[in-house]
Structure formats: C-alpha cells, structure tokens
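A short write-up of the structure that comes next.
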Amino acid sequence: MNPVSRYLTLAGRSVRILDWGRADAPAVILWHGFARNAHDFDDLAAALCNRYRLLSIDTIGRGLSEWSPEPDAEYTVPFYARQAVELFTQLELTTARWVGTSMGGLIGMAVAATALKDRISHLILNDVGPAIAPGAVSRILTYAGSPPTFASLPELEQYFRTIYAPFGIASDAGWRKLAETSARRLPDGRLTPHYDPQIAAVLGRQAATATGDAWPLYDQIAAKTLLLRGAVSDLLAEETAAEMTRRGPKARRIDIPGVGHAPALDTAEQIALIAQFLAE
C-alpha cells in the first residue's frame, strides 16, 4: 500500500503528512528526528498499515513542509507540540499511539505530558530522553549547520552514509532510498539535504542558552512507554536510559546492538519490537 500525501495548515504553517492505512484504523503518529523527514518511517509504515493508520510528519523546515519565516519562534519543540495538538483536532483523533525518533520523541514527551496526556496511549521514544548529551548536539551541528552541496546523487548518498552511519542502515538499497528522499536541488543545479539550514542555527542558539532538563515533564507522562536505545548512542547516556526505567512512566527499555543515534527502525527485528508493543 502506498501512502496518501496530505497537506494541513497547523499553527499557520503548511505541513505535509504521509497518511498510510485506513482512516478508521487505530492511529499511530510517526515523528522523525532533527534533520530528517517523514520517509524515515516508510518501512515501518508499510509493515503496519494493514493494522493501523500511520501518520508520518514532515516537520516544518524539513521535507515538503513549509519553511518558517520566524525560525527562532517556530523551530522549537513547543511550537511543534502546538502543531501536533492541532493535528489531533483537525483529524479528529480521540486517541493515538506515538513513535518518535530523537526530536520526534521530545515532541511526543511534550504532548504526552500535557495537552494530549489523555489521548496518547502508547509512546515509543527512539534513542532520546529527558537529558541529552551535549557532545551529540555538537556533532549534529557540525554537519547540519552548513549543509554541503553535491553534483550528483551518488555523492550526496556517500555523504549521508558518513554522517548517518550510526543509524545502522545495512543495505545499499536503504542508503539509496534515504538519499533520494532527502535531497533537494538548488538553483545552480547542485543537490543538498532537504531542510532549512536555519533549523541548525536555531538549535545552536538554543543549546548555548539551555538550562535545566525535561525530567519534570517526563515524570508527568501516563502513556505506556517503550524506550529504544542505540547500544552505542552518543546522545542518550546509559545513566539517563536507566533512570527512565525507574521514574515517570517507567519505560520498558530495549537496546539495539551495534547501532548509535538513532536506530533506523527499518529491520524486521526492530519493526517486530514496535509492532508487539503497539499491540499491547
């Protein structure tokens, strides 16, 4: 089954959503990581769309969603969370499950602890938690802040293979698909990653002024929670993951061997873990 591409105006911005499965099936929100897009969940959605309606989001500034004219105000988790609440309202979702990778998990935590607390039944956090290792943010900013350009798609693919090696994508076909769904062509004809470079500028400014953490938010989550952690993640520390199993929703934890930040959720084994949890 192929998805339907929908465009909704959420908090005043055009957002593209890949809509998989039947409209009357139980809903699952799929929200990607920082510089990624809705296609990251294609394998997962294709495997589960006979049981669920899966809604995979292009966050504003990424993919085919609108770029914000007010990046400092809108390339933020609170603004994305506001859009998520409007998504539930516009699609009349009374309840849903949530799968969030990295930034998508932060958005999931934000809404599951507050405005959508009674409407998110299952929350999967893919290699993210209430505390994030600063070194990982610095690593992400090194490649996201000034995205390079390339003459050909194979060159862009090789770049993605390098910066996204921790994802654990094992097949050549997987890397080619990632490149093809993550590229945009510039006016001079060259190719570059498909996101607004301002997302990194805003992240850098936020990181420089950030104080505190999100543990109080995490402690308010009532949803059944599964934590997937890349076993060699540089973003989600072992100590943070362990603490997440002891407080708040007391997440069930599964480490994915040989993978860093963040598991691509594209293998049969990873998809089976998710399918089992969502069915509980």
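The chains in the structure tokens are called A, B, ... from first to last as shown; in each chain the residues are counted from 1, and the ligands are counted from 1 in the order shown.
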
Set out as JSON lines a contact list for region 81-134 of chain A and region 247-259 of chain A with a cut-off of 12 Å, giving each residue of region 81-134 of chain A that qualifies its closest atom pair and distance in Å to one decimal, counting only C-alpha atoms, ordered by chain and rising residue number.
```
{"residue": "A:Met109", "atom": "CA", "partner": "A:Pro249", "partner_atom": "CA", "distance": 10.7}
{"residue": "A:Ala112", "atom": "CA", "partner": "A:Pro249", "partner_atom": "CA", "distance": 10.6}
{"residue": "A:Ala113", "atom": "CA", "partner": "A:Gly248", "partner_atom": "CA", "distance": 10.0}
{"residue": "A:Lys117", "atom": "CA", "partner": "A:Pro249", "partner_atom": "CA", "distance": 11.8}
{"residue": "A:Ser121", "atom": "CA", "partner": "A:Pro249", "partner_atom": "CA", "distance": 11.6}
{"residue": "A:His122", "atom": "CA", "partner": "A:Pro249", "partner_atom": "CA", "distance": 10.6}
{"residue": "A:Leu123", "atom": "CA", "partner": "A:Ala251", "partner_atom": "CA", "distance": 9.1}
{"residue": "A:Ile124", "atom": "CA", "partner": "A:Ala251", "partner_atom": "CA", "distance": 9.0}
{"residue": "A:Leu125", "atom": "CA", "partner": "A:Ala251", "partner_atom": "CA", "distance": 9.1}
{"residue": "A:Asn126", "atom": "CA", "partner": "A:Ile254", "partner_atom": "CA", "distance": 9.9}
{"residue": "A:Asp127", "atom": "CA", "partner": "A:Asp255", "partner_atom": "CA", "distance": 9.1}
{"residue": "A:Val128", "atom": "CA", "partner": "A:Arg253", "partner_atom": "CA", "distance": 11.6}
{"residue": "A:Gly129", "atom": "CA", "partner": "A:Ala251", "partner_atom": "CA", "distance": 10.4}
{"residue": "A:Pro130", "atom": "CA", "partner": "A:Gly248", "partner_atom": "CA", "distance": 10.7}
```

Item to check | Spatial neighbours of region 153-170 of chain A, 8 Å, only C-alpha atoms, chain gap at least 3 places, as number ranges by chain | outcome: A: 143, 149-150, 174-176, 178-180, 183, 191-192, 233, 258-264, 266

Item to check | Residues flagged strand (DSSP E or B) by DSSP in region 40-127 of chain A, as a ChimeraX atom specification | outcome: /A:53-57,62,96-101,120-126
